[in-house]
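Raw protein-v2.txt, compact mmCIF, C-alpha atoms and all ligand atoms:
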# COMPACT_ATOMS: atom_id res chain seq x y z
CA MET X 1 -152.32 53.97 -121.64
CA GLU X 2 -153.36 52.63 -118.28
CA SER X 3 -151.71 49.31 -117.54
CA ARG X 4 -154.98 47.41 -117.19
CA PHE X 5 -156.05 48.47 -120.68
CA LYS X 6 -152.66 47.51 -121.94
CA SER X 7 -153.00 44.02 -120.48
CA ILE X 8 -156.45 43.57 -122.02
CA PHE X 9 -155.21 44.46 -125.47
CA ILE X 10 -152.12 42.32 -125.06
CA TYR X 11 -154.38 39.41 -124.08
CA VAL X 12 -156.52 39.99 -127.16
CA LYS X 13 -153.49 40.17 -129.40
CA ILE X 14 -151.81 37.03 -128.01
CA THR X 15 -155.01 35.01 -128.23
CA TYR X 16 -155.43 36.11 -131.82
CA ASP X 17 -151.81 35.49 -132.75
CA MET X 18 -152.01 31.98 -131.32
CA GLY X 19 -154.92 31.25 -133.57
CA GLY X 20 -157.58 31.58 -130.93
CA LYS X 21 -160.82 33.38 -131.36
CA VAL X 22 -161.43 36.34 -129.11
CA LYS X 23 -164.99 36.55 -128.00
CA LYS X 24 -166.78 39.84 -127.64
CA THR X 25 -168.06 38.78 -124.26
CA THR X 26 -164.53 38.08 -123.01
CA ILE X 27 -163.44 41.57 -123.95
CA ILE X 28 -166.46 43.11 -122.31
CA LEU X 29 -165.91 41.06 -119.15
CA LEU X 30 -162.28 42.13 -119.01
CA MET X 31 -163.32 45.75 -119.46
CA LEU X 32 -165.77 45.44 -116.60
CA LEU X 33 -163.09 43.89 -114.41
CA ALA X 34 -160.68 46.66 -115.27
CA PHE X 35 -163.13 49.28 -114.09
CA ASN X 36 -164.39 47.61 -110.96
CA VAL X 37 -161.39 46.43 -109.03
CA ASN X 38 -162.00 47.52 -105.50
CA ILE X 39 -160.10 45.80 -102.76
CA LYS X 40 -161.04 46.58 -99.19
CA ALA X 41 -158.95 45.37 -96.33
CA ASP X 42 -160.72 43.33 -93.70
CA ASN X 43 -159.52 45.42 -90.83
CA GLN X 44 -161.36 48.46 -92.18
CA ILE X 45 -164.76 47.04 -91.38
CA LEU X 46 -167.15 49.70 -90.08
CA VAL X 47 -169.17 48.91 -86.98
CA ASN X 48 -171.17 51.66 -85.34
CA LYS X 49 -174.72 52.61 -84.31
CA GLN X 50 -175.93 52.05 -87.87
CA GLU X 51 -173.71 49.22 -89.06
CA ALA X 52 -173.94 45.91 -87.24
CA LEU X 53 -172.08 42.63 -87.37
CA GLU X 54 -173.85 39.30 -87.76
CA LYS X 55 -174.59 37.60 -84.48
CA GLU X 56 -172.26 34.77 -85.55
CA TYR X 57 -169.41 37.04 -86.64
CA LYS X 58 -166.14 36.02 -85.05
CA PRO X 59 -162.56 36.86 -86.05
CA GLU X 60 -160.80 33.97 -87.81
CA LYS X 61 -158.14 33.54 -85.18
CA LEU X 62 -158.22 34.94 -81.68
CA ILE X 63 -155.05 35.09 -79.65
CA SER X 64 -153.82 36.52 -76.38
CA PRO X 65 -151.12 39.17 -77.03
CA GLU X 66 -147.92 39.29 -75.03
CA ILE X 67 -148.57 42.61 -73.32
CA ASN X 68 -149.50 43.84 -69.83
CA SER X 69 -153.02 42.95 -68.92
CA VAL X 70 -155.02 43.19 -65.76
CA LYS X 71 -154.10 40.30 -63.47
CA TYR X 72 -155.91 37.03 -64.05
CA ARG X 73 -157.79 38.43 -67.00
CA VAL X 74 -157.40 36.79 -70.37
CA VAL X 75 -157.77 39.29 -73.19
CA LEU X 76 -158.22 38.04 -76.74
CA ILE X 77 -157.70 39.98 -79.96
CA ASP X 78 -157.68 39.21 -83.68
CA GLU X 79 -154.31 37.67 -84.53
CA ALA X 80 -154.00 40.22 -87.35
CA ILE X 81 -153.24 43.02 -84.86
CA LYS X 82 -150.99 41.08 -82.50
CA ASP X 83 -147.72 42.47 -83.83
CA ASP X 84 -148.94 46.04 -83.94
CA ILE X 85 -150.30 46.10 -80.42
CA GLU X 86 -147.17 44.47 -79.05
CA LYS X 87 -145.03 47.02 -80.89
CA MET X 88 -147.20 49.84 -79.56
CA PHE X 89 -146.77 48.68 -75.96
CA GLU X 90 -143.02 48.37 -76.52
CA GLY X 91 -142.87 51.82 -78.10
CA ALA X 92 -144.69 53.30 -75.12
CA LYS X 93 -142.45 51.50 -72.66
CA LYS X 94 -139.36 52.97 -74.30
CA GLU X 95 -140.73 56.38 -73.38
CA GLY X 96 -141.54 55.34 -69.83
CA ILE X 97 -145.24 54.76 -70.49
CA GLU X 98 -146.74 51.59 -69.04
CA LEU X 99 -149.94 50.62 -70.78
CA VAL X 100 -152.35 47.90 -69.73
CA ILE X 101 -154.97 46.18 -71.84
CA LEU X 102 -158.29 45.77 -70.14
CA SER X 103 -160.43 44.39 -72.90
CA GLY X 104 -160.29 43.23 -76.50
CA TYR X 105 -162.57 40.82 -78.31
CA ARG X 106 -166.11 40.46 -76.95
CA SER X 107 -168.56 37.96 -78.36
CA TYR X 108 -172.13 38.89 -79.27
CA GLU X 109 -173.41 36.98 -76.25
CA TYR X 110 -171.01 38.68 -73.87
CA GLN X 111 -171.98 42.09 -75.23
CA LYS X 112 -175.62 41.21 -74.74
CA GLY X 113 -175.02 40.51 -71.04
CA LEU X 114 -173.04 43.74 -70.68
CA TYR X 115 -175.69 45.78 -72.46
CA ASN X 116 -178.54 44.39 -70.39
CA ARG X 117 -176.64 45.04 -67.18
CA TYR X 118 -175.99 48.72 -67.99
CA VAL X 119 -179.52 49.30 -69.25
CA LYS X 120 -180.77 48.08 -65.87
CA ILE X 121 -178.49 50.53 -64.05
CA ASP X 122 -178.80 53.66 -66.23
CA GLY X 123 -181.80 53.13 -68.45
CA LYS X 124 -181.69 52.49 -72.20
CA GLU X 125 -181.05 56.02 -73.42
CA LYS X 126 -178.14 56.83 -71.15
CA ALA X 127 -176.63 53.36 -71.35
CA GLU X 128 -176.51 53.53 -75.14
CA THR X 129 -174.16 56.52 -75.06
CA TYR X 130 -171.45 54.28 -73.66
CA VAL X 131 -172.39 50.65 -74.24
CA ALA X 132 -173.11 49.21 -77.67
CA ILE X 133 -176.19 47.24 -78.60
CA PRO X 134 -175.16 43.61 -79.24
CA GLY X 135 -173.86 43.31 -82.82
CA HIS X 136 -172.94 46.99 -82.86
CA SER X 137 -169.84 46.70 -80.71
CA GLU X 138 -166.44 47.16 -82.32
CA HIS X 139 -165.10 44.74 -79.76
CA GLN X 140 -166.82 41.92 -81.64
CA THR X 141 -164.38 42.51 -84.52
CA GLY X 142 -161.39 41.67 -82.32
CA LEU X 143 -159.76 44.83 -83.71
CA ALA X 144 -160.72 47.16 -80.87
CA VAL X 145 -159.08 47.41 -77.48
CA ASP X 146 -159.67 49.27 -74.23
CA LEU X 147 -156.44 50.47 -72.70
CA THR X 148 -155.72 51.82 -69.27
CA SER X 149 -152.91 52.05 -66.74
CA GLU X 150 -152.03 50.98 -63.24
CA LYS X 151 -152.20 54.61 -62.14
CA GLU X 152 -155.82 54.73 -63.27
CA LEU X 153 -156.40 51.61 -61.17
CA TYR X 154 -157.22 49.76 -64.40
CA GLN X 155 -160.44 51.69 -64.81
CA LEU X 156 -161.89 53.28 -67.91
CA LYS X 157 -162.44 56.91 -67.08
CA GLU X 158 -162.56 60.10 -69.06
CA THR X 159 -159.63 61.43 -67.03
CA PHE X 160 -157.45 58.83 -68.76
CA GLY X 161 -157.22 61.27 -71.66
CA GLU X 162 -155.27 63.72 -69.49
CA THR X 163 -152.85 61.20 -68.09
CA GLU X 164 -149.41 60.64 -69.59
CA GLU X 165 -150.57 57.26 -70.91
CA GLY X 166 -153.75 58.62 -72.48
CA MET X 167 -151.92 61.53 -74.11
CA TRP X 168 -149.19 59.26 -75.43
CA LEU X 169 -151.81 57.00 -77.01
CA ALA X 170 -153.74 59.87 -78.57
CA ASN X 171 -150.55 61.13 -80.20
CA ASN X 172 -148.84 57.89 -81.11
CA ALA X 173 -151.39 55.11 -81.68
CA HIS X 174 -151.65 55.93 -85.39
CA LYS X 175 -148.00 54.98 -85.84
CA TYR X 176 -149.08 51.44 -85.02
CA GLY X 177 -152.24 51.44 -87.11
CA PHE X 178 -154.69 52.39 -84.34
CA ILE X 179 -157.04 55.34 -84.00
CA LEU X 180 -158.76 56.97 -81.06
CA ARG X 181 -162.20 55.86 -82.15
CA TYR X 182 -164.45 58.17 -80.11
CA PRO X 183 -162.78 61.58 -79.84
CA LYS X 184 -163.97 64.53 -77.82
CA GLY X 185 -166.30 66.84 -79.71
CA LYS X 186 -167.28 64.20 -82.27
CA GLU X 187 -170.01 62.56 -80.21
CA GLU X 188 -172.66 63.54 -82.75
CA ILE X 189 -170.84 61.69 -85.50
CA THR X 190 -169.68 58.59 -83.68
CA GLY X 191 -172.76 58.31 -81.48
CA TYR X 192 -170.59 57.71 -78.44
CA MET X 193 -169.25 59.85 -75.66
CA TYR X 194 -165.53 60.60 -75.57
CA GLU X 195 -163.62 57.40 -74.83
CA PRO X 196 -159.90 58.14 -74.45
CA TRP X 197 -159.26 54.44 -73.77
CA HIS X 198 -160.90 52.84 -76.82
CA PHE X 199 -158.55 52.25 -79.75
CA ARG X 200 -159.36 50.57 -83.01
CA HIS X 201 -156.95 49.06 -85.50
CA ILE X 202 -157.56 50.07 -89.12
CA GLY X 203 -154.06 49.92 -90.64
CA TYR X 204 -151.17 52.37 -90.85
CA GLU X 205 -152.11 54.42 -93.86
CA MET X 206 -155.68 55.11 -92.87
CA ALA X 207 -154.79 55.65 -89.21
CA LYS X 208 -152.25 58.29 -90.20
CA ASP X 209 -154.72 60.04 -92.51
CA ILE X 210 -157.32 60.13 -89.78
CA TYR X 211 -154.83 61.43 -87.26
CA ASP X 212 -153.55 64.14 -89.60
CA LYS X 213 -157.01 65.30 -90.62
CA LYS X 214 -158.50 64.98 -87.13
CA TYR X 215 -161.29 62.93 -88.66
CA THR X 216 -163.40 60.18 -87.18
CA PHE X 217 -163.54 56.82 -88.94
CA GLU X 218 -167.02 57.72 -90.23
CA GLU X 219 -165.86 61.04 -91.67
CA HIS X 220 -162.88 59.41 -93.33
CA LEU X 221 -164.95 56.67 -94.95
CA LYS X 222 -167.37 59.29 -96.22
CA TYR X 223 -164.49 61.28 -97.66
CA LEU X 224 -163.10 58.14 -99.35
CA GLU X 225 -166.49 57.26 -100.79
CA GLU X 226 -166.88 60.75 -102.25
CA LYS X 227 -163.39 60.53 -103.69
CA ARG X 228 -164.16 57.12 -105.19
CA LEU X 229 -167.36 58.37 -106.82
CA GLU X 230 -165.54 61.33 -108.27
CA GLU X 231 -162.83 59.05 -109.65
CA GLU X 232 -165.46 56.72 -111.07
CA ARG X 233 -167.18 59.64 -112.77
CA ARG X 234 -163.91 60.80 -114.28
CA ARG X 235 -162.99 57.28 -115.32
CA ASN X 236 -166.32 56.78 -117.05
CA GLU X 237 -165.87 60.03 -118.86
CA TYR X 238 -162.43 58.89 -119.96
CA LYS X 239 -163.70 55.41 -120.84
CA ASN X 240 -166.46 56.74 -123.07
CA LYS X 241 -164.11 59.08 -124.80
CA TYR X 242 -161.47 56.39 -125.20
CA MET X 243 -163.75 53.56 -126.28
CA ASN X 244 -165.31 55.72 -128.92
CA SER X 245 -162.03 56.83 -130.30
CA ASN X 246 -161.14 55.64 -133.76
CA TYR X 247 -157.77 54.54 -132.47
CA VAL X 248 -159.33 51.80 -130.28
CA LYS X 249 -161.77 50.71 -132.96
CA ARG X 250 -158.98 50.40 -135.49
CA TYR X 251 -156.69 48.60 -133.05
CA VAL X 252 -159.24 45.94 -132.10
CA PHE X 253 -160.38 45.52 -135.68
CA LYS X 254 -156.82 45.17 -136.93
CA ASN X 255 -155.93 42.56 -134.32
CA THR X 256 -159.13 40.55 -134.08
CA GLY X 257 -161.02 41.21 -137.25
CA ILE X 258 -164.10 42.10 -135.25
CA ASN X 259 -165.66 45.43 -134.69
CA ILE X 260 -166.86 45.21 -131.09
CA PHE X 261 -168.27 48.70 -130.95
CA LYS X 262 -170.16 48.65 -134.20
CA SER X 263 -173.52 47.45 -133.02
CA LYS X 264 -175.16 46.93 -129.65
CA SER X 265 -178.25 45.15 -130.96
CA LYS X 266 -176.57 42.00 -132.21
CA GLY X 267 -175.34 40.83 -128.85
CA GLU X 268 -173.92 37.35 -128.33
ZN ZN D 1 -164.04 49.80 -75.96
Kindly present the structure from the file in structure tokens form.
Amino acid sequence: MESRFKSIFIYVKITYDMGGKVKKTTIILLMLLAFNVNIKADNQILVNKQEALEKEYKPEKLISPEINSVKYRVVLIDEAIKDDIEKMFEGAKKEGIELVILSGYRSYEYQKGLYNRYVKIDGKEKAETYVAIPGHSEHQTGLAVDLTSEKELYQLKETFGETEEGMWLANNAHKYGFILRYPKGKEEITGYMYEPWHFRHIGYEMAKDIYDKKYTFEEHLKYLEEKRLEEERRRNEYKNKYMNSNYVKRYVFKNTGINIFKSKSKGE
């Protein structure tokens, strides 16, 4: 028996044994809980062309990590990724790779200024292939960073992907919970041109899966959603079969004296 079913029946039994009355509604509520536990980590928030953040959205705690940054520039990130980014920079350094952070958290207002500036230069259509509409930037989450190197003169260029630093990141960032968010050849899916400098933290397990499968974040979330639906379908099938089994009916009846599955019309 699945452990969550076990705990429900143990609860029912203990309540009964202690002289308490077990309500039908309590059992039903517990059943619902058992089937709908779905915990999603905060750092797996999806922000893209379709999904936006609230204008007011701001990470709980912003900090400045202890890593190389461009001189005189203060870069802030969500405190939740501080350790991982520091470890990543250390890991790179051990292999002779010197990374530099150029940008991290950007507020809605800052993004708005940036967006308007690039639209003026390149026009709306072109600008939107490389700069996000305010609210649609991953940088507003504080979980995305733009990385570069001294050799690249601290610029963000496509050629970064062919440098030692860019290649190291593409092959190692997942070990620290980051993914290359806008890979080459996936422009149609992500909505952005290839950005070898933009890395997004989503946690170790998911980052590794994405790296191994050569997925984008969007493709991976879609895959997970399909998997979840399939599991839900199978679980429901199992639930119906199990709930209607005489074993369960007898067990509940024996322990509580009530037949919860007898009638649906006389609800409480
Ligand atoms: Zn970026």
### Spatial neighbours of Gly161 of chain X, 8 Å, only C-alpha atoms, chain gap at least 2 places, as a PyMOL selection string
chain X and resi 158-159+163+165-167+170+196-197
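Ranking X:Glu188, X:Glu150, X:Glu125, X:Glu54 by their shortest atom-to-atom distance to Glu219 of chain X, with all atoms listed in the file included, puts X:Glu188 first.
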### Message
Counting all atoms listed in the file, which residue out of X:Phe160, X:Phe199, X:Tyr115, X:Tyr194 sits closest to ligand ZN 1 (chain D)?
### Response
X:Phe199
Report as JSON lines the residues of chain X within 6 Å of ligand ZN 1 (chain D), each with its shortest atom pair and distance in Å (one decimal), using all atoms listed in the file, ordered by chain and increasing residue number.
{"residue": "X:Val145", "atom": "CA", "partner": "D:ZN1", "partner_atom": "ZN", "distance": 5.7}
{"residue": "X:Asp146", "atom": "CA", "partner": "D:ZN1", "partner_atom": "ZN", "distance": 4.7}
{"residue": "X:His198", "atom": "CA", "partner": "D:ZN1", "partner_atom": "ZN", "distance": 4.5}
Write out, as an mmCIF file, keeping the file's coordinate frame, the residues just selected, with C-alpha atoms.
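Result file selection05.cif:
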data_model
loop_
_atom_site.group_PDB
_atom_site.id
_atom_site.type_symbol
_atom_site.label_atom_id
_atom_site.label_comp_id
_atom_site.auth_asym_id
_atom_site.auth_seq_id
_atom_site.Cartn_x
_atom_site.Cartn_y
_atom_site.Cartn_z
ATOM 1 C CA VAL X 145 -159.080 47.410 -77.480
ATOM 2 C CA ASP X 146 -159.670 49.270 -74.230
ATOM 3 C CA HIS X 198 -160.900 52.840 -76.820
#
### Query
Nearest to Ala127 of chain X among X:Val75, X:Leu147, X:Leu153, X:Met193, with distances taken over all atoms listed in the file: which residue is it?
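With all atoms listed in the file as the atom set, the closest residue is X:Met193.
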### Task
Tell me which of X:Ile67, X:Val131, X:Leu180, X:Ala80 sits closest to Ile101 of chain X, counting all atoms listed in the file.
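Using all atoms listed in the file, Ile101 of chain X sits closest to X:Ile67.
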### Message
Restricting the calculation to all atoms listed in the file: of X:Leu224, X:Arg106, X:Tyr182, X:Lys82, which residue gets closest to Thr129 of chain X?
### Response
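Selected residue with least distance to Thr129 of chain X: X:Tyr182.
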### Query
Neighbours of Gly91 of chain X within 10 Å (all atoms listed in the file; same-chain residues fewer than 6 positions away dropped), as number ranges by chain?
X: 85, 97-98, 172-173, 175-176
Counting only C-alpha atoms, I want the residues whose atoms come within 6 Å of (-149.6, 48.6, -73.8) in the file frame, returned as a short mmCIF file (atom, residue, chain, number, x, y, z; two decimals) with C-alpha atoms, in the coordinates of the input.
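File point23.cif, as written:
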data_model
loop_
_atom_site.label_atom_id
_atom_site.label_comp_id
_atom_site.auth_asym_id
_atom_site.auth_seq_id
_atom_site.Cartn_x
_atom_site.Cartn_y
_atom_site.Cartn_z
CA PHE X 89 -146.77 48.68 -75.96
CA LEU X 99 -149.94 50.62 -70.78
CA VAL X 100 -152.35 47.90 -69.73
#
### Message
Which residues are near segment 109-114 of chain X? Cut-off 9 Å, all atoms listed in the file, ignore same chain within fewer than 4 positions. Put them as a ChimeraX atom specification.
### Response
/X:55,118-119,131-135,137,139-140
For the selection you just gave me, I'd like the residues written to a file as a short mmCIF file (atom, residue, chain, number, x, y, z; two decimals), keeping the file's coordinate frame, keeping C-alpha atoms.
data_model
loop_
_atom_site.label_atom_id
_atom_site.label_comp_id
_atom_site.auth_asym_id
_atom_site.auth_seq_id
_atom_site.Cartn_x
_atom_site.Cartn_y
_atom_site.Cartn_z
CA LYS X 55 -174.59 37.60 -84.48
CA TYR X 118 -175.99 48.72 -67.99
CA VAL X 119 -179.52 49.30 -69.25
CA VAL X 131 -172.39 50.65 -74.24
CA ALA X 132 -173.11 49.21 -77.67
CA ILE X 133 -176.19 47.24 -78.60
CA PRO X 134 -175.16 43.61 -79.24
CA GLY X 135 -173.86 43.31 -82.82
CA SER X 137 -169.84 46.70 -80.71
CA HIS X 139 -165.10 44.74 -79.76
CA GLN X 140 -166.82 41.92 -81.64
#
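Compared by their closest atoms to Asn48 of chain X, and using only C-alpha atoms, the residues X:Arg233, X:Lys254, X:Ser245, X:Glu218 rank with X:Glu218 nearest.
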### Point-to-point distance from atom CA of Ser107 of chain X to atom CA of Pro59 of chain X, Å rounded to tenths
9.8 Å
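In this model, the gap between atom CA of Tyr251 of chain X and atom CA of Glu231 of chain X comes to 26.4 Å.
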Could you extract segment 44-61 of chain X of the given structure into a file holding N, CA and C atoms, as a PDB file, in the first residue's frame?
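The resulting file, out-v4.pdb, is shown below:
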ATOM      1  N   GLN X  44      12.274  27.170 -10.164  1.00  0.00           N
ATOM      2  CA  GLN X  44      11.909  26.596 -11.456  1.00  0.00           C
ATOM      3  C   GLN X  44      10.819  27.404 -12.147  1.00  0.00           C
ATOM      4  N   ILE X  45      10.705  28.636 -11.752  1.00  0.00           N
ATOM      5  CA  ILE X  45       9.713  29.535 -12.332  1.00  0.00           C
ATOM      6  C   ILE X  45      10.029  29.767 -13.820  1.00  0.00           C
ATOM      7  N   LEU X  46       8.982  29.685 -14.642  1.00  0.00           N
ATOM      8  CA  LEU X  46       9.182  29.861 -16.083  1.00  0.00           C
ATOM      9  C   LEU X  46       8.855  31.292 -16.492  1.00  0.00           C
ATOM     10  N   VAL X  47       9.831  31.922 -17.108  1.00  0.00           N
ATOM     11  CA  VAL X  47       9.618  33.271 -17.653  1.00  0.00           C
ATOM     12  C   VAL X  47      10.099  33.236 -19.092  1.00  0.00           C
ATOM     13  N   ASN X  48       9.209  33.547 -20.008  1.00  0.00           N
ATOM     14  CA  ASN X  48       9.609  33.585 -21.414  1.00  0.00           C
ATOM     15  C   ASN X  48       8.693  34.536 -22.174  1.00  0.00           C
ATOM     16  N   LYS X  49       8.617  34.377 -23.497  1.00  0.00           N
ATOM     17  CA  LYS X  49       7.803  35.307 -24.297  1.00  0.00           C
ATOM     18  C   LYS X  49       6.328  35.240 -23.911  1.00  0.00           C
ATOM     19  N   GLN X  50       5.901  34.067 -23.444  1.00  0.00           N
ATOM     20  CA  GLN X  50       4.488  33.897 -23.089  1.00  0.00           C
ATOM     21  C   GLN X  50       4.218  34.153 -21.614  1.00  0.00           C
ATOM     22  N   GLU X  51       5.138  33.734 -20.779  1.00  0.00           N
ATOM     23  CA  GLU X  51       4.937  33.822 -19.326  1.00  0.00           C
ATOM     24  C   GLU X  51       5.667  35.036 -18.759  1.00  0.00           C
ATOM     25  N   ALA X  52       4.893  35.895 -18.109  1.00  0.00           N
ATOM     26  CA  ALA X  52       5.493  37.122 -17.559  1.00  0.00           C
ATOM     27  C   ALA X  52       5.475  37.121 -16.042  1.00  0.00           C
ATOM     28  N   LEU X  53       6.317  37.951 -15.470  1.00  0.00           N
ATOM     29  CA  LEU X  53       6.312  38.178 -14.027  1.00  0.00           C
ATOM     30  C   LEU X  53       5.496  39.437 -13.767  1.00  0.00           C
ATOM     31  N   GLU X  54       4.971  39.538 -12.554  1.00  0.00           N
ATOM     32  CA  GLU X  54       4.274  40.758 -12.147  1.00  0.00           C
ATOM     33  C   GLU X  54       5.290  41.896 -12.159  1.00  0.00           C
ATOM     34  N   LYS X  55       4.781  43.066 -12.433  1.00  0.00           N
ATOM     35  CA  LYS X  55       5.640  44.254 -12.444  1.00  0.00           C
ATOM     36  C   LYS X  55       6.387  44.393 -11.110  1.00  0.00           C
ATOM     37  N   GLU X  56       5.695  44.039 -10.037  1.00  0.00           N
ATOM     38  CA  GLU X  56       6.251  44.212  -8.680  1.00  0.00           C
ATOM     39  C   GLU X  56       7.144  43.043  -8.257  1.00  0.00           C
ATOM     40  N   TYR X  57       7.212  41.997  -9.071  1.00  0.00           N
ATOM     41  CA  TYR X  57       7.967  40.821  -8.631  1.00  0.00           C
ATOM     42  C   TYR X  57       9.433  41.164  -8.364  1.00  0.00           C
ATOM     43  N   LYS X  58       9.890  40.744  -7.203  1.00  0.00           N
ATOM     44  CA  LYS X  58      11.286  40.970  -6.832  1.00  0.00           C
ATOM     45  C   LYS X  58      11.727  39.804  -5.968  1.00  0.00           C
ATOM     46  N   PRO X  59      12.951  39.264  -6.201  1.00  0.00           N
ATOM     47  CA  PRO X  59      13.399  38.165  -5.337  1.00  0.00           C
ATOM     48  C   PRO X  59      13.425  38.609  -3.874  1.00  0.00           C
ATOM     49  N   GLU X  60      13.205  37.652  -2.969  1.00  0.00           N
ATOM     50  CA  GLU X  60      13.125  37.972  -1.547  1.00  0.00           C
ATOM     51  C   GLU X  60      14.377  38.681  -1.038  1.00  0.00           C
ATOM     52  N   LYS X  61      15.533  38.102  -1.385  1.00  0.00           N
ATOM     53  CA  LYS X  61      16.767  38.719  -0.912  1.00  0.00           C
ATOM     54  C   LYS X  61      17.799  38.783  -2.036  1.00  0.00           C
TER      55      LYS X  61
END
